[in-house]
Amino acid sequence: MTSGHTGSLQTRVPGALSSNVGAPSSVRPGPPSFRGGSTQPTRLGVVGITDRIEGVLAQFLSPAVRKSVIDCGVRQARVDRDSMREADLRRLLVEVKRGVQLFVRDQVQLERCVSQLNELDYAAPAPREILIDVRTEEDVLRARSAGRELCIEQMVSDVLLTKIVTAISELGRNIVRYAGSGEITVRTTASPQRAIEICAKDQGPGITNLPEILSGRYRSRHGMGAGLRGTKALMDDFDIQTGPGKGTMVTVRKFLG
C-alpha cells in the first residue's frame with residue numbers, strides 16, 4: 001500500500017453523472033435544489049424560517065417555551081444566523097423536533113406537531129448515494145461521515161443514526177482487516193420503503209464458515225463474528241453473499257418509517 005492514500009469518494013444522484021471527490025472534506029456534497037428551483041445552492045433567511053417554525057409551535061407551546069426551543073435548535077444545529085441552506089434547515093428541524101418532544105406530552109398532539117414541522121421541509125432530498133473506496137481506517141471514518149450526512153438530510157433520529165454509523169464502522173473494519181481493500185456504498189432509498197442502505201463489497205478471500213459465524217459459535221481474534229452478528233442485530237434487513245475466493249458483499253438496510 002502506498003503512503004498518502006486519501007481514498008476515493010463518489011456522490012451519485014439517480015439519473016445524473018457521478019462526481020469523484022478525493023478530499024475527506026468533500027464528504028458533504030452540495031445540497032439538492034428546491035423542487036422546481038435553481039440548481040445553485042439555495043440560501044434561506046433564518047428569520048423567515050424560524051417565523052414559520054414558530055407559527056407551527058404556537059399551536060402547542062407557550063411563547064416562552066417555543067422561543068427557547070427554537071433558540072436551542074439554532075445553537076444545536078449550528079446554523080448561520082444570516083442565511084441557511086437546505087441541509088441547515090433539515091438539521092434545525094431535527095433539533096426543534098427533539099425539543100418539542102420534551103414539552104408536548106400528549107402523543108396525538110406531538111404527532112400533529114411533528115407532522116406540521118415535516119411539511120416545512122418541502123424540499124425533500126432526492127435519493128442519492130455516496131461511494132467510498134476503503135483501504136484504511138481513515139476511509140472507514142469517511143464512510144461514517146457519509147452515512148451521518150445522509151442521515152441528517154433524511155432527518156433520522158439520533159438513535160437510528162448511531163445504529164447506522166456503527167454498522168458502517170463494523171463493515172468497513174472487516175474490509176480493512178480481512179480483505180485489505182474494498183468499497184462501501186451508502187445510499188438513501190424511497191421505494192418500497194424509505195431506508196438508509198449500506199453495501200460493503202470486497203474481493204478478499206471470502207468467508208468459508210458463514211453459518212458458524214452468524215450463529216455465534218465462532219469468533220476470530222479480530223472479532224469478525226461479533227462484527228457481522230452485531231451489524232445484523234442493528235439493522236432491519238441483512239443480506240450477505242460470500243464464498244471461498246469470491247470475496248464478500250454485505251447489504252444492510254435500516255428502515256426510516
# chains A, B, ... in the order shown; residues from 1 in each chain; ligands from 1
>>> residues_around(residues="Leu57 (chain A)", least_positions_apart="4", cutoff="12 Å", atoms="only C-alpha atoms", output="ChimeraX atom specification")
/A:50-53,61-70,93,96-97,99-101,103-104,109-110,112-117
>>> write_last_selection(atoms="C-alpha atoms", output="PDB file, in the first residue's frame")
ATOM      1  CA  THR A  50     -37.865  30.461  12.310  1.00  0.00           C
ATOM      2  CA  ASP A  51     -41.046  32.526  11.931  1.00  0.00           C
ATOM      3  CA  ARG A  52     -42.657  29.621  10.072  1.00  0.00           C
ATOM      4  CA  ILE A  53     -41.446  27.159  12.706  1.00  0.00           C
ATOM      5  CA  LEU A  61     -46.310  25.638  23.183  1.00  0.00           C
ATOM      6  CA  SER A  62     -46.352  28.864  25.161  1.00  0.00           C
ATOM      7  CA  PRO A  63     -44.430  31.864  23.739  1.00  0.00           C
ATOM      8  CA  ALA A  64     -41.542  31.494  26.178  1.00  0.00           C
ATOM      9  CA  VAL A  65     -41.177  27.751  25.621  1.00  0.00           C
ATOM     10  CA  ARG A  66     -41.345  27.909  21.833  1.00  0.00           C
ATOM     11  CA  LYS A  67     -38.735  30.696  21.767  1.00  0.00           C
ATOM     12  CA  SER A  68     -36.485  28.555  23.945  1.00  0.00           C
ATOM     13  CA  VAL A  69     -36.994  25.511  21.684  1.00  0.00           C
ATOM     14  CA  ILE A  70     -36.148  27.484  18.542  1.00  0.00           C
ATOM     15  CA  LEU A  93     -35.935  20.896  12.150  1.00  0.00           C
ATOM     16  CA  VAL A  96     -36.618  21.599  17.032  1.00  0.00           C
ATOM     17  CA  LYS A  97     -38.486  18.275  16.958  1.00  0.00           C
ATOM     18  CA  GLY A  99     -37.039  19.988  21.790  1.00  0.00           C
ATOM     19  CA  VAL A 100     -40.753  19.629  21.129  1.00  0.00           C
ATOM     20  CA  GLN A 101     -40.674  16.076  22.449  1.00  0.00           C
ATOM     21  CA  PHE A 103     -42.595  19.680  26.229  1.00  0.00           C
ATOM     22  CA  VAL A 104     -45.509  18.169  24.277  1.00  0.00           C
ATOM     23  CA  GLN A 109     -50.593  16.480  19.811  1.00  0.00           C
ATOM     24  CA  LEU A 110     -46.942  15.542  19.429  1.00  0.00           C
ATOM     25  CA  ARG A 112     -49.589  16.600  14.841  1.00  0.00           C
ATOM     26  CA  CYS A 113     -46.778  18.995  15.685  1.00  0.00           C
ATOM     27  CA  VAL A 114     -44.066  16.823  14.156  1.00  0.00           C
ATOM     28  CA  SER A 115     -46.169  16.273  11.033  1.00  0.00           C
ATOM     29  CA  GLN A 116     -46.597  20.021  10.540  1.00  0.00           C
ATOM     30  CA  LEU A 117     -42.888  20.619  11.085  1.00  0.00           C
TER      31      LEU A 117
END
>>> residues_around(residues="region 197-205 of chain A", least_positions_apart="5", cutoff="8 Å", atoms="only C-alpha atoms", output="list of chain:residue names")
A:Ile168, A:Leu171, A:Gly172, A:Ile175, A:Tyr178, A:Ala179, A:Gly180, A:Ser181, A:Gly182, A:Glu183, A:Ile184, A:Thr185, A:Val186, A:Arg187, A:Thr188, A:Thr189, A:Gly243, A:Pro244, A:Gly245, A:Lys246, A:Gly247, A:Thr248, A:Met249, A:Val250, A:Thr251, A:Val252, A:Arg253, A:Lys254
>>> write_last_selection(atoms="N, CA, C and O atoms", output="tab-separated table (two decimals), in the first residue's frame")
chain	number	residue	atom	x	y	z
A	168	ILE	N	-21.79	0.84	9.64
A	168	ILE	CA	-20.77	1.22	8.66
A	168	ILE	C	-19.38	0.94	9.21
A	168	ILE	O	-18.50	0.42	8.51
A	171	LEU	N	-18.65	-2.92	9.20
A	171	LEU	CA	-18.43	-3.46	7.85
A	171	LEU	C	-17.13	-2.92	7.26
A	171	LEU	O	-16.40	-3.65	6.57
A	172	GLY	N	-16.84	-1.66	7.50
A	172	GLY	CA	-15.62	-1.08	6.97
A	172	GLY	C	-14.37	-1.70	7.58
A	172	GLY	O	-13.39	-1.98	6.88
A	175	ILE	N	-13.56	-5.01	6.11
A	175	ILE	CA	-12.86	-4.89	4.81
A	175	ILE	C	-11.37	-4.67	5.03
A	175	ILE	O	-10.52	-5.33	4.42
A	178	TYR	N	-9.68	-7.96	6.80
A	178	TYR	CA	-9.72	-9.29	6.20
A	178	TYR	C	-9.54	-9.29	4.68
A	178	TYR	O	-9.13	-10.29	4.12
A	179	ALA	N	-9.85	-8.18	4.03
A	179	ALA	CA	-9.72	-8.14	2.57
A	179	ALA	C	-8.64	-7.18	2.11
A	179	ALA	O	-8.15	-7.30	0.99
A	180	GLY	N	-8.29	-6.21	2.93
A	180	GLY	CA	-7.26	-5.24	2.55
A	180	GLY	C	-7.81	-4.03	1.83
A	180	GLY	O	-7.33	-2.92	2.01
A	181	SER	N	-8.82	-4.24	0.98
A	181	SER	CA	-9.43	-3.12	0.25
A	181	SER	C	-10.82	-3.53	-0.21
A	181	SER	O	-11.15	-4.72	-0.30
A	182	GLY	N	-11.62	-2.54	-0.49
A	182	GLY	CA	-12.98	-2.77	-0.96
A	182	GLY	C	-13.69	-1.45	-1.10
A	182	GLY	O	-13.05	-0.40	-1.26
A	183	GLU	N	-14.99	-1.46	-1.01
A	183	GLU	CA	-15.76	-0.23	-1.13
A	183	GLU	C	-17.03	-0.33	-0.31
A	183	GLU	O	-17.57	-1.42	-0.09
A	184	ILE	N	-17.47	0.83	0.15
A	184	ILE	CA	-18.75	0.93	0.86
A	184	ILE	C	-19.61	1.95	0.13
A	184	ILE	O	-19.15	3.06	-0.16
A	185	THR	N	-20.82	1.58	-0.16
A	185	THR	CA	-21.80	2.49	-0.74
A	185	THR	C	-22.89	2.74	0.29
A	185	THR	O	-23.46	1.80	0.85
A	186	VAL	N	-23.15	4.01	0.57
A	186	VAL	CA	-24.24	4.40	1.46
A	186	VAL	C	-25.25	5.15	0.61
A	186	VAL	O	-24.89	6.12	-0.07
A	187	ARG	N	-26.48	4.70	0.62
A	187	ARG	CA	-27.50	5.33	-0.24
A	187	ARG	C	-28.82	5.48	0.51
A	187	ARG	O	-29.08	4.77	1.48
A	188	THR	N	-29.60	6.43	0.05
A	188	THR	CA	-30.97	6.56	0.53
A	188	THR	C	-31.90	5.91	-0.49
A	188	THR	O	-31.65	5.98	-1.70
A	189	THR	N	-32.95	5.28	-0.01
A	189	THR	CA	-33.94	4.68	-0.89
A	189	THR	C	-35.33	5.18	-0.50
A	189	THR	O	-35.59	5.45	0.68
A	243	GLY	N	-18.13	-16.49	-0.45
A	243	GLY	CA	-17.68	-17.85	-0.71
A	243	GLY	C	-16.17	-17.86	-0.89
A	243	GLY	O	-15.56	-16.81	-1.15
A	244	PRO	N	-15.54	-19.01	-0.74
A	244	PRO	CA	-14.09	-19.10	-0.88
A	244	PRO	C	-13.61	-18.54	-2.22
A	244	PRO	O	-14.06	-18.97	-3.28
A	245	GLY	N	-12.73	-17.56	-2.16
A	245	GLY	CA	-12.19	-16.96	-3.37
A	245	GLY	C	-13.15	-16.06	-4.13
A	245	GLY	O	-12.81	-15.58	-5.22
A	246	LYS	N	-14.32	-15.79	-3.58
A	246	LYS	CA	-15.33	-14.99	-4.29
A	246	LYS	C	-15.52	-13.61	-3.69
A	246	LYS	O	-16.35	-12.84	-4.16
A	247	GLY	N	-14.78	-13.31	-2.63
A	247	GLY	CA	-15.00	-12.02	-1.98
A	247	GLY	C	-16.27	-12.04	-1.16
A	247	GLY	O	-16.94	-13.08	-1.01
A	248	THR	N	-16.64	-10.90	-0.64
A	248	THR	CA	-17.82	-10.79	0.22
A	248	THR	C	-18.58	-9.50	-0.11
A	248	THR	O	-17.97	-8.45	-0.31
A	249	MET	N	-19.90	-9.60	-0.16
A	249	MET	CA	-20.74	-8.41	-0.30
A	249	MET	C	-21.84	-8.49	0.75
A	249	MET	O	-22.62	-9.44	0.78
A	250	VAL	N	-21.87	-7.48	1.61
A	250	VAL	CA	-22.89	-7.40	2.66
A	250	VAL	C	-23.77	-6.19	2.36
A	250	VAL	O	-23.26	-5.08	2.17
A	251	THR	N	-25.07	-6.42	2.32
A	251	THR	CA	-26.02	-5.33	2.08
A	251	THR	C	-26.99	-5.29	3.26
A	251	THR	O	-27.63	-6.30	3.59
A	252	VAL	N	-27.09	-4.14	3.90
A	252	VAL	CA	-27.98	-3.99	5.04
A	252	VAL	C	-28.82	-2.73	4.85
A	252	VAL	O	-28.42	-1.79	4.17
A	253	ARG	N	-29.98	-2.73	5.49
A	253	ARG	CA	-30.88	-1.56	5.41
A	253	ARG	C	-31.46	-1.26	6.78
A	253	ARG	O	-31.77	-2.17	7.55
A	254	LYS	N	-31.63	0.03	7.03
A	254	LYS	CA	-32.36	0.49	8.20
A	254	LYS	C	-33.54	1.29	7.71
A	254	LYS	O	-33.39	2.32	7.03
>>> select_by_dssp(residues="region 38-254 of chain A", states="alpha helix (DSSP H)", output="PyMOL selection string")
chain A and resi 46-57+63-77+86-103+107-120+137-153+158-174+210-215+224-234
>>> select_by_dssp(residues="region 65-137 of chain A", states="strand (DSSP E or B)", output="list in words")
Met84, Glu129, Ile130, Leu131, Ile132, Asp133 and Val134 of chain A
>>> write_last_selection(atoms="all heavy atoms", output="PDB file, in the first residue's frame")
ATOM      1  N   MET A  84     -29.325  30.311   5.557  1.00  0.00           N
ATOM      2  CA  MET A  84     -29.333  28.858   5.725  1.00  0.00           C
ATOM      3  C   MET A  84     -29.476  28.184   4.376  1.00  0.00           C
ATOM      4  O   MET A  84     -30.177  28.673   3.500  1.00  0.00           O
ATOM      5  CB  MET A  84     -30.501  28.412   6.612  1.00  0.00           C
ATOM      6  CG  MET A  84     -30.290  28.629   8.081  1.00  0.00           C
ATOM      7  SD  MET A  84     -31.411  27.601   9.054  1.00  0.00           S
ATOM      8  CE  MET A  84     -32.984  28.297   8.573  1.00  0.00           C
ATOM      9  N   GLU A 129     -26.577   8.414  -3.474  1.00  0.00           N
ATOM     10  CA  GLU A 129     -25.657   7.501  -2.836  1.00  0.00           C
ATOM     11  C   GLU A 129     -24.243   8.077  -2.831  1.00  0.00           C
ATOM     12  O   GLU A 129     -23.913   8.928  -3.661  1.00  0.00           O
ATOM     13  CB  GLU A 129     -25.664   6.144  -3.525  1.00  0.00           C
ATOM     14  CG  GLU A 129     -25.133   6.159  -4.951  1.00  0.00           C
ATOM     15  CD  GLU A 129     -25.207   4.787  -5.600  1.00  0.00           C
ATOM     16  OE1 GLU A 129     -26.183   4.059  -5.343  1.00  0.00           O
ATOM     17  OE2 GLU A 129     -24.283   4.463  -6.369  1.00  0.00           O
ATOM     18  N   ILE A 130     -23.457   7.624  -1.876  1.00  0.00           N
ATOM     19  CA  ILE A 130     -22.061   8.017  -1.774  1.00  0.00           C
ATOM     20  C   ILE A 130     -21.229   6.741  -1.737  1.00  0.00           C
ATOM     21  O   ILE A 130     -21.486   5.844  -0.939  1.00  0.00           O
ATOM     22  CB  ILE A 130     -21.797   8.870  -0.520  1.00  0.00           C
ATOM     23  CG1 ILE A 130     -22.677  10.126  -0.526  1.00  0.00           C
ATOM     24  CG2 ILE A 130     -20.326   9.269  -0.442  1.00  0.00           C
ATOM     25  CD1 ILE A 130     -22.552  10.976   0.716  1.00  0.00           C
ATOM     26  N   LEU A 131     -20.246   6.680  -2.621  1.00  0.00           N
ATOM     27  CA  LEU A 131     -19.367   5.519  -2.719  1.00  0.00           C
ATOM     28  C   LEU A 131     -17.989   5.885  -2.183  1.00  0.00           C
ATOM     29  O   LEU A 131     -17.403   6.878  -2.609  1.00  0.00           O
ATOM     30  CB  LEU A 131     -19.255   5.062  -4.180  1.00  0.00           C
ATOM     31  CG  LEU A 131     -18.202   3.993  -4.501  1.00  0.00           C
ATOM     32  CD1 LEU A 131     -18.538   2.691  -3.805  1.00  0.00           C
ATOM     33  CD2 LEU A 131     -18.111   3.786  -6.012  1.00  0.00           C
ATOM     34  N   ILE A 132     -17.473   5.079  -1.261  1.00  0.00           N
ATOM     35  CA  ILE A 132     -16.173   5.331  -0.651  1.00  0.00           C
ATOM     36  C   ILE A 132     -15.280   4.122  -0.860  1.00  0.00           C
ATOM     37  O   ILE A 132     -15.653   3.000  -0.471  1.00  0.00           O
ATOM     38  CB  ILE A 132     -16.298   5.614   0.864  1.00  0.00           C
ATOM     39  CG1 ILE A 132     -17.275   6.760   1.135  1.00  0.00           C
ATOM     40  CG2 ILE A 132     -14.932   5.940   1.473  1.00  0.00           C
ATOM     41  CD1 ILE A 132     -18.656   6.311   1.492  1.00  0.00           C
ATOM     42  N   ASP A 133     -14.113   4.318  -1.478  1.00  0.00           N
ATOM     43  CA  ASP A 133     -13.106   3.269  -1.539  1.00  0.00           C
ATOM     44  C   ASP A 133     -12.506   3.094  -0.146  1.00  0.00           C
ATOM     45  O   ASP A 133     -12.148   4.085   0.503  1.00  0.00           O
ATOM     46  CB  ASP A 133     -11.999   3.626  -2.529  1.00  0.00           C
ATOM     47  CG  ASP A 133     -12.459   3.516  -3.965  1.00  0.00           C
ATOM     48  OD1 ASP A 133     -13.405   2.752  -4.246  1.00  0.00           O
ATOM     49  OD2 ASP A 133     -11.872   4.204  -4.816  1.00  0.00           O
ATOM     50  N   VAL A 134     -12.393   1.856   0.304  1.00  0.00           N
ATOM     51  CA  VAL A 134     -11.936   1.588   1.670  1.00  0.00           C
ATOM     52  C   VAL A 134     -10.648   0.781   1.643  1.00  0.00           C
ATOM     53  O   VAL A 134     -10.616  -0.345   1.116  1.00  0.00           O
ATOM     54  CB  VAL A 134     -13.019   0.836   2.471  1.00  0.00           C
ATOM     55  CG1 VAL A 134     -12.495   0.461   3.853  1.00  0.00           C
ATOM     56  CG2 VAL A 134     -14.275   1.685   2.589  1.00  0.00           C
TER      57      VAL A 134
END
>>> closest_residue(among="A:Glu149, A:Asp71, A:Glu137, A:Asp158", to="Arg173 (chain A)", atoms="only C-alpha atoms")
A:Glu137
